[in-house]
$ cat model19.tsv   # TSV, N, CA and C atoms
chain	number	residue	atom	x	y	z
A	190	MET	N	0.81	-1.20	0.00
A	190	MET	CA	0.00	0.00	0.00
A	190	MET	C	0.86	1.27	0.00
A	191	THR	N	2.07	1.17	0.60
A	191	THR	CA	2.94	2.34	0.66
A	191	THR	C	4.39	1.90	0.68
A	192	SER	N	5.25	2.75	0.17
A	192	SER	CA	6.68	2.45	0.22
A	192	SER	C	7.30	2.95	1.52
A	193	LEU	N	6.52	3.62	2.36
A	193	LEU	CA	7.03	4.18	3.62
A	193	LEU	C	7.37	3.11	4.65
A	194	THR	N	6.55	2.07	4.70
A	194	THR	CA	6.71	1.06	5.76
A	194	THR	C	5.98	-0.21	5.36
A	195	ASP	N	6.25	-1.27	6.08
A	195	ASP	CA	5.54	-2.52	5.86
A	195	ASP	C	4.29	-2.62	6.73
A	196	TYR	N	4.36	-2.05	7.93
A	196	TYR	CA	3.25	-2.16	8.87
A	196	TYR	C	3.02	-0.84	9.61
A	197	PHE	N	1.75	-0.56	9.90
A	197	PHE	CA	1.34	0.47	10.84
A	197	PHE	C	0.76	-0.27	12.04
A	198	VAL	N	1.17	0.14	13.22
A	198	VAL	CA	0.54	-0.35	14.44
A	198	VAL	C	-0.20	0.84	15.03
A	199	ILE	N	-1.48	0.65	15.31
A	199	ILE	CA	-2.31	1.74	15.83
A	199	ILE	C	-2.79	1.33	17.22
A	200	CYS	N	-2.52	2.21	18.19
A	200	CYS	CA	-2.84	1.93	19.58
A	200	CYS	C	-3.49	3.17	20.19
A	201	CYS	N	-4.39	2.96	21.10
A	201	CYS	CA	-5.07	4.07	21.76
A	201	CYS	C	-4.85	3.96	23.27
A	202	GLY	N	-4.53	5.08	23.89
A	202	GLY	CA	-4.34	5.11	25.34
A	202	GLY	C	-5.36	6.02	25.99
A	203	LEU	N	-5.49	5.90	27.30
A	203	LEU	CA	-6.51	6.65	28.03
A	203	LEU	C	-6.09	8.07	28.37
A	204	ASN	N	-4.77	8.29	28.55
A	204	ASN	CA	-4.31	9.62	28.95
A	204	ASN	C	-2.84	9.78	28.57
A	205	ARG	N	-2.33	10.99	28.79
A	205	ARG	CA	-0.96	11.33	28.41
A	205	ARG	C	0.07	10.41	29.07
A	206	ARG	N	-0.07	10.19	30.36
A	206	ARG	CA	0.89	9.35	31.08
A	206	ARG	C	0.89	7.92	30.55
A	207	GLN	N	-0.28	7.40	30.27
A	207	GLN	CA	-0.35	6.03	29.76
A	207	GLN	C	0.31	5.94	28.38
A	208	LEU	N	0.05	6.91	27.52
A	208	LEU	CA	0.65	6.90	26.18
A	208	LEU	C	2.16	7.01	26.26
A	209	GLN	N	2.66	7.86	27.14
A	209	GLN	CA	4.11	7.98	27.31
A	209	GLN	C	4.70	6.70	27.89
A	210	ALA	N	3.99	6.05	28.80
A	210	ALA	CA	4.47	4.78	29.36
A	210	ALA	C	4.51	3.70	28.29
A	211	ILE	N	3.52	3.67	27.41
A	211	ILE	CA	3.52	2.70	26.30
A	211	ILE	C	4.72	2.97	25.39
A	212	ALA	N	4.93	4.24	25.05
A	212	ALA	CA	6.07	4.60	24.19
A	212	ALA	C	7.39	4.23	24.85
A	213	ASP	N	7.51	4.50	26.14
A	213	ASP	CA	8.74	4.16	26.87
A	213	ASP	C	8.99	2.65	26.85
A	214	GLU	N	7.95	1.87	27.03
A	214	GLU	CA	8.11	0.42	27.06
A	214	GLU	C	8.47	-0.12	25.67
A	215	ILE	N	7.89	0.46	24.63
A	215	ILE	CA	8.25	0.06	23.27
A	215	ILE	C	9.72	0.35	23.01
A	216	GLU	N	10.17	1.53	23.40
A	216	GLU	CA	11.58	1.90	23.25
A	216	GLU	C	12.48	0.93	24.02
A	217	LYS	N	12.09	0.61	25.24
A	217	LYS	CA	12.88	-0.31	26.08
A	217	LYS	C	12.98	-1.69	25.42
A	218	GLN	N	11.88	-2.20	24.94
A	218	GLN	CA	11.87	-3.54	24.35
A	218	GLN	C	12.61	-3.58	23.01
A	219	THR	N	12.48	-2.54	22.20
A	219	THR	CA	13.18	-2.54	20.92
A	219	THR	C	14.69	-2.43	21.13
A	220	LYS	N	15.10	-1.70	22.15
A	220	LYS	CA	16.54	-1.63	22.46
A	220	LYS	C	17.07	-3.00	22.87
A	221	LYS	N	16.28	-3.74	23.64
A	221	LYS	CA	16.69	-5.10	24.03
A	221	LYS	C	16.88	-5.99	22.80
A	222	LEU	N	16.06	-5.76	21.79
A	222	LEU	CA	16.13	-6.55	20.55
A	222	LEU	C	17.15	-5.99	19.57
A	223	HIS	N	17.83	-4.90	19.97
A	223	HIS	CA	18.81	-4.22	19.12
A	223	HIS	C	18.18	-3.71	17.82
A	224	VAL	N	16.94	-3.22	17.94
A	224	VAL	CA	16.23	-2.66	16.79
A	224	VAL	C	16.48	-1.16	16.77
A	225	LYS	N	16.92	-0.67	15.62
A	225	LYS	CA	17.18	0.76	15.52
A	225	LYS	C	15.95	1.49	15.00
A	226	GLY	N	15.64	2.59	15.62
A	226	GLY	CA	14.52	3.42	15.20
A	226	GLY	C	15.02	4.67	14.51
A	227	LEU	N	14.19	5.19	13.63
A	227	LEU	CA	14.55	6.44	12.94
A	227	LEU	C	14.23	7.66	13.78
A	228	GLY	N	13.22	7.56	14.61
A	228	GLY	CA	12.88	8.71	15.42
A	228	GLY	C	11.51	8.59	16.05
A	229	ALA	N	11.18	9.60	16.83
A	229	ALA	CA	9.89	9.66	17.52
A	229	ALA	C	9.39	11.09	17.46
A	230	GLU	N	8.09	11.24	17.40
A	230	GLU	CA	7.46	12.56	17.38
A	230	GLU	C	6.28	12.57	18.34
A	231	GLY	N	6.01	13.71	18.95
A	231	GLY	CA	4.80	13.91	19.72
A	231	GLY	C	4.82	13.43	21.16
A	232	TYR	N	5.97	13.03	21.67
A	232	TYR	CA	6.05	12.49	23.02
A	232	TYR	C	5.61	13.51	24.08
A	233	GLY	N	6.05	14.72	23.95
A	233	GLY	CA	5.76	15.75	24.97
A	233	GLY	C	4.28	16.04	25.11
A	234	ASP	N	3.60	16.24	23.99
A	234	ASP	CA	2.17	16.53	24.00
A	234	ASP	C	1.36	15.26	24.25
A	235	ALA	N	1.84	14.15	23.71
A	235	ALA	CA	1.25	12.82	23.91
A	235	ALA	C	-0.21	12.73	23.50
A	236	ARG	N	-0.57	13.42	22.45
A	236	ARG	CA	-1.91	13.21	21.85
A	236	ARG	C	-1.78	12.19	20.72
A	237	TRP	N	-0.66	12.29	19.99
A	237	TRP	CA	-0.34	11.33	18.93
A	237	TRP	C	1.17	11.15	18.96
A	238	ILE	N	1.63	10.03	19.45
A	238	ILE	CA	3.05	9.72	19.48
A	238	ILE	C	3.33	8.78	18.31
A	239	LEU	N	4.31	9.14	17.52
A	239	LEU	CA	4.70	8.32	16.38
A	239	LEU	C	6.11	7.80	16.62
A	240	LEU	N	6.27	6.49	16.54
A	240	LEU	CA	7.57	5.84	16.69
A	240	LEU	C	7.89	5.17	15.36
A	241	ASP	N	8.99	5.56	14.75
A	241	ASP	CA	9.34	5.07	13.41
A	241	ASP	C	10.47	4.06	13.49
A	242	TYR	N	10.16	2.82	13.13
A	242	TYR	CA	11.15	1.75	13.08
A	242	TYR	C	11.31	1.24	11.66
A	243	VAL	N	11.19	2.11	10.70
A	243	VAL	CA	11.34	1.85	9.27
A	243	VAL	C	10.27	0.88	8.77
A	244	GLY	N	10.42	-0.40	9.04
A	244	GLY	CA	9.47	-1.41	8.57
A	244	GLY	C	8.17	-1.41	9.35
A	245	VAL	N	8.19	-0.78	10.52
A	245	VAL	CA	7.00	-0.69	11.36
A	245	VAL	C	6.92	0.73	11.90
A	246	ILE	N	5.78	1.36	11.69
A	246	ILE	CA	5.53	2.68	12.26
A	246	ILE	C	4.41	2.53	13.27
A	247	ILE	N	4.68	2.95	14.50
A	247	ILE	CA	3.73	2.80	15.59
A	247	ILE	C	3.08	4.15	15.88
A	248	HIS	N	1.75	4.15	15.89
A	248	HIS	CA	0.95	5.34	16.18
A	248	HIS	C	0.26	5.12	17.52
A	249	LEU	N	0.55	5.96	18.50
A	249	LEU	CA	-0.09	5.90	19.80
A	249	LEU	C	-0.97	7.14	19.94
A	250	PHE	N	-2.28	6.94	20.03
A	250	PHE	CA	-3.22	8.05	20.05
A	250	PHE	C	-3.97	8.14	21.37
A	251	ASP	N	-4.36	9.38	21.72
A	251	ASP	CA	-5.41	9.51	22.72
A	251	ASP	C	-6.73	9.39	21.96
A	252	LYS	N	-7.82	9.27	22.68
A	252	LYS	CA	-9.12	8.99	22.06
A	252	LYS	C	-9.50	10.05	21.01
A	253	ASP	N	-9.39	11.32	21.36
A	253	ASP	CA	-9.80	12.39	20.44
A	253	ASP	C	-8.96	12.44	19.18
A	254	ALA	N	-7.64	12.28	19.32
A	254	ALA	CA	-6.77	12.30	18.14
A	254	ALA	C	-7.02	11.09	17.24
A	255	ARG	N	-7.29	9.95	17.84
A	255	ARG	CA	-7.56	8.76	17.03
A	255	ARG	C	-8.82	8.95	16.20
A	256	ILE	N	-9.84	9.51	16.81
A	256	ILE	CA	-11.09	9.77	16.08
A	256	ILE	C	-10.86	10.83	15.00
A	257	PHE	N	-10.14	11.90	15.33
A	257	PHE	CA	-9.92	12.99	14.38
A	257	PHE	C	-9.12	12.54	13.16
A	258	TYR	N	-8.01	11.84	13.37
A	258	TYR	CA	-7.14	11.46	12.26
A	258	TYR	C	-7.62	10.20	11.54
A	259	ASP	N	-8.33	9.33	12.22
A	259	ASP	CA	-8.99	8.17	11.63
A	259	ASP	C	-8.12	7.42	10.62
A	260	LEU	N	-6.95	6.99	11.06
A	260	LEU	CA	-6.03	6.28	10.16
A	260	LEU	C	-6.63	4.99	9.62
A	261	GLU	N	-7.50	4.37	10.39
A	261	GLU	CA	-8.14	3.16	9.89
A	261	GLU	C	-8.93	3.43	8.62
A	262	LEU	N	-9.56	4.58	8.53
A	262	LEU	CA	-10.30	4.93	7.32
A	262	LEU	C	-9.33	5.29	6.19
A	263	LEU	N	-8.30	6.08	6.52
A	263	LEU	CA	-7.32	6.50	5.52
A	263	LEU	C	-6.63	5.29	4.88
A	264	TRP	N	-6.31	4.30	5.69
A	264	TRP	CA	-5.63	3.09	5.20
A	264	TRP	C	-6.60	1.91	5.18
A	265	GLY	N	-7.87	2.18	4.98
A	265	GLY	CA	-8.91	1.16	5.03
A	265	GLY	C	-8.76	0.03	4.03
A	266	ASP	N	-8.08	0.27	2.91
A	266	ASP	CA	-7.90	-0.78	1.90
A	266	ASP	C	-6.74	-1.71	2.24
A	267	ALA	N	-5.94	-1.34	3.21
A	267	ALA	CA	-4.79	-2.17	3.58
A	267	ALA	C	-5.27	-3.40	4.34
A	268	PRO	N	-4.64	-4.54	4.09
A	268	PRO	CA	-5.03	-5.74	4.84
A	268	PRO	C	-4.67	-5.59	6.31
A	269	ARG	N	-5.53	-6.11	7.17
A	269	ARG	CA	-5.26	-6.08	8.61
A	269	ARG	C	-4.57	-7.37	9.02
A	270	VAL	N	-3.64	-7.23	9.94
A	270	VAL	CA	-2.90	-8.38	10.44
A	270	VAL	C	-3.25	-8.53	11.92
A	271	LYS	N	-3.76	-9.69	12.29
A	271	LYS	CA	-4.07	-9.91	13.69
A	271	LYS	C	-2.80	-10.31	14.42
A	272	TRP	N	-2.49	-9.60	15.48
A	272	TRP	CA	-1.31	-9.90	16.27
A	272	TRP	C	-1.71	-10.78	17.44
A	273	GLU	N	-1.02	-11.89	17.58
A	273	GLU	CA	-1.35	-12.86	18.61
A	273	GLU	C	-0.51	-12.67	19.88
A	274	GLY	N	0.38	-11.71	19.89
A	274	GLY	CA	1.20	-11.48	21.07
A	274	GLY	C	2.42	-12.37	21.16
A	275	LYS	N	2.73	-13.06	20.09
A	275	LYS	CA	3.90	-13.92	20.07
A	275	LYS	C	5.15	-13.12	19.73
A	276	GLN	N	6.29	-13.59	20.20
A	276	GLN	CA	7.56	-12.97	19.86
A	276	GLN	C	7.79	-13.09	18.36
A	277	ILE	N	8.28	-12.03	17.76
A	277	ILE	CA	8.59	-12.07	16.34
A	277	ILE	C	10.09	-12.04	16.13
A	278	LYS	N	10.53	-12.55	15.02
A	278	LYS	CA	11.93	-12.45	14.65
A	278	LYS	C	12.15	-11.11	13.98
A	279	VAL	N	13.16	-10.39	14.42
A	279	VAL	CA	13.46	-9.07	13.88
A	279	VAL	C	14.43	-9.23	12.71
A	280	PRO	N	14.06	-8.69	11.53
A	280	PRO	CA	14.97	-8.79	10.38
A	280	PRO	C	16.32	-8.15	10.68
A	281	LYS	N	17.40	-8.73	10.16
A	281	LYS	CA	18.76	-8.25	10.42
A	281	LYS	C	18.93	-6.77	10.08
A	282	GLU	N	18.29	-6.30	9.02
A	282	GLU	CA	18.49	-4.91	8.61
A	282	GLU	C	17.92	-3.91	9.61
A	283	LEU	N	17.11	-4.37	10.55
A	283	LEU	CA	16.57	-3.48	11.57
A	283	LEU	C	17.42	-3.45	12.84
A	284	HIS	N	18.40	-4.32	12.94
A	284	HIS	CA	19.24	-4.41	14.13
A	284	HIS	C	20.23	-3.24	14.18
A	285	ARG	N	20.50	-2.81	15.40
A	285	ARG	CA	21.52	-1.79	15.64
A	285	ARG	C	22.89	-2.44	15.49
A	286	ALA	N	23.86	-1.66	15.09
A	286	ALA	CA	25.24	-2.15	15.09
A	286	ALA	C	25.66	-2.31	16.55
A	287	LYS	N	26.26	-3.45	16.87
A	287	LYS	CA	26.65	-3.68	18.28
A	287	LYS	C	28.03	-3.12	18.56
$ encode --input "model19.tsv" --output "structure tokens"
Amino acid sequence: MTSLTDYFVICCGLNRRQLQAIADEIEKQTKKLHVKGLGAEGYGDARWILLDYVGVIIHLFDKDARIFYDLELLWGDAPRVKWEGKQIKVPKELHRAK
């Protein structure tokens, strides 16, 4: 659907602190996996936090921002992938240099 990324992950949190905690935990876990990210946006305001891991872009929204931006509608033709919570293998090209 796009050359920007392979996957979008869309998540909604209840408040600013929860969204920042989710972002912090994602950063912590990706570092453990030696996954390099391109950057993050929106952490301070925490209405829409974007974490860019090249092949995966994670969108963390508060309720109002999720409704307003409605990414599900914008990318409605994209196939949905059900995540079962299992550990995934990280492609080598996403690993940080050790």
$ select_by_dssp --input "model19.tsv" --residues "chain A" --states "helix (DSSP H, G or I)" --output "VMD selection string"
chain A and resid 205 to 221 252 to 258 260 to 263 281 to 283
$ atom_distance --input "model19.tsv" --atom1 "atom CA of Asn204 of chain A" --atom2 "atom CA of Gly231 of chain A"
13.7 Å
$ closest_residue --input "model19.tsv" --among "A:Leu222, A:Leu208, A:Leu263, A:Val270" --to "Arg236 of chain A" --atoms "all atoms listed in the file"
A:Leu208
$ select_by_dssp --input "model19.tsv" --residues "segment 211-284 of chain A" --states "strand (DSSP E)" --output "VMD selection string"
chain A and resid 228 to 230 237 to 241 245 to 251
$ atom_distance --input "model19.tsv" --atom1 "atom CA of His223 of chain A" --atom2 "atom CA of Gly244 of chain A"
14.4 Å
$ residues_near_point --input "model19.tsv" --point "(10.2, 11.6, 16.9)" --cutoff "12 Å" --atoms "only C-alpha atoms" --output "PyMOL selection string"
chain A and resi 212+216+226-235+237-242+246-248
$ atom_distance --input "model19.tsv" --atom1 "atom CA of Gln209 of chain A" --atom2 "atom CA of Tyr196 of chain A"
21.1 Å
$ residues_near_point --input "model19.tsv" --point "(-2.7, 6.3, 26.4)" --cutoff "9 Å" --atoms "only C-alpha atoms" --output "PyMOL selection string"
chain A and resi 200-211+235-236+249-252
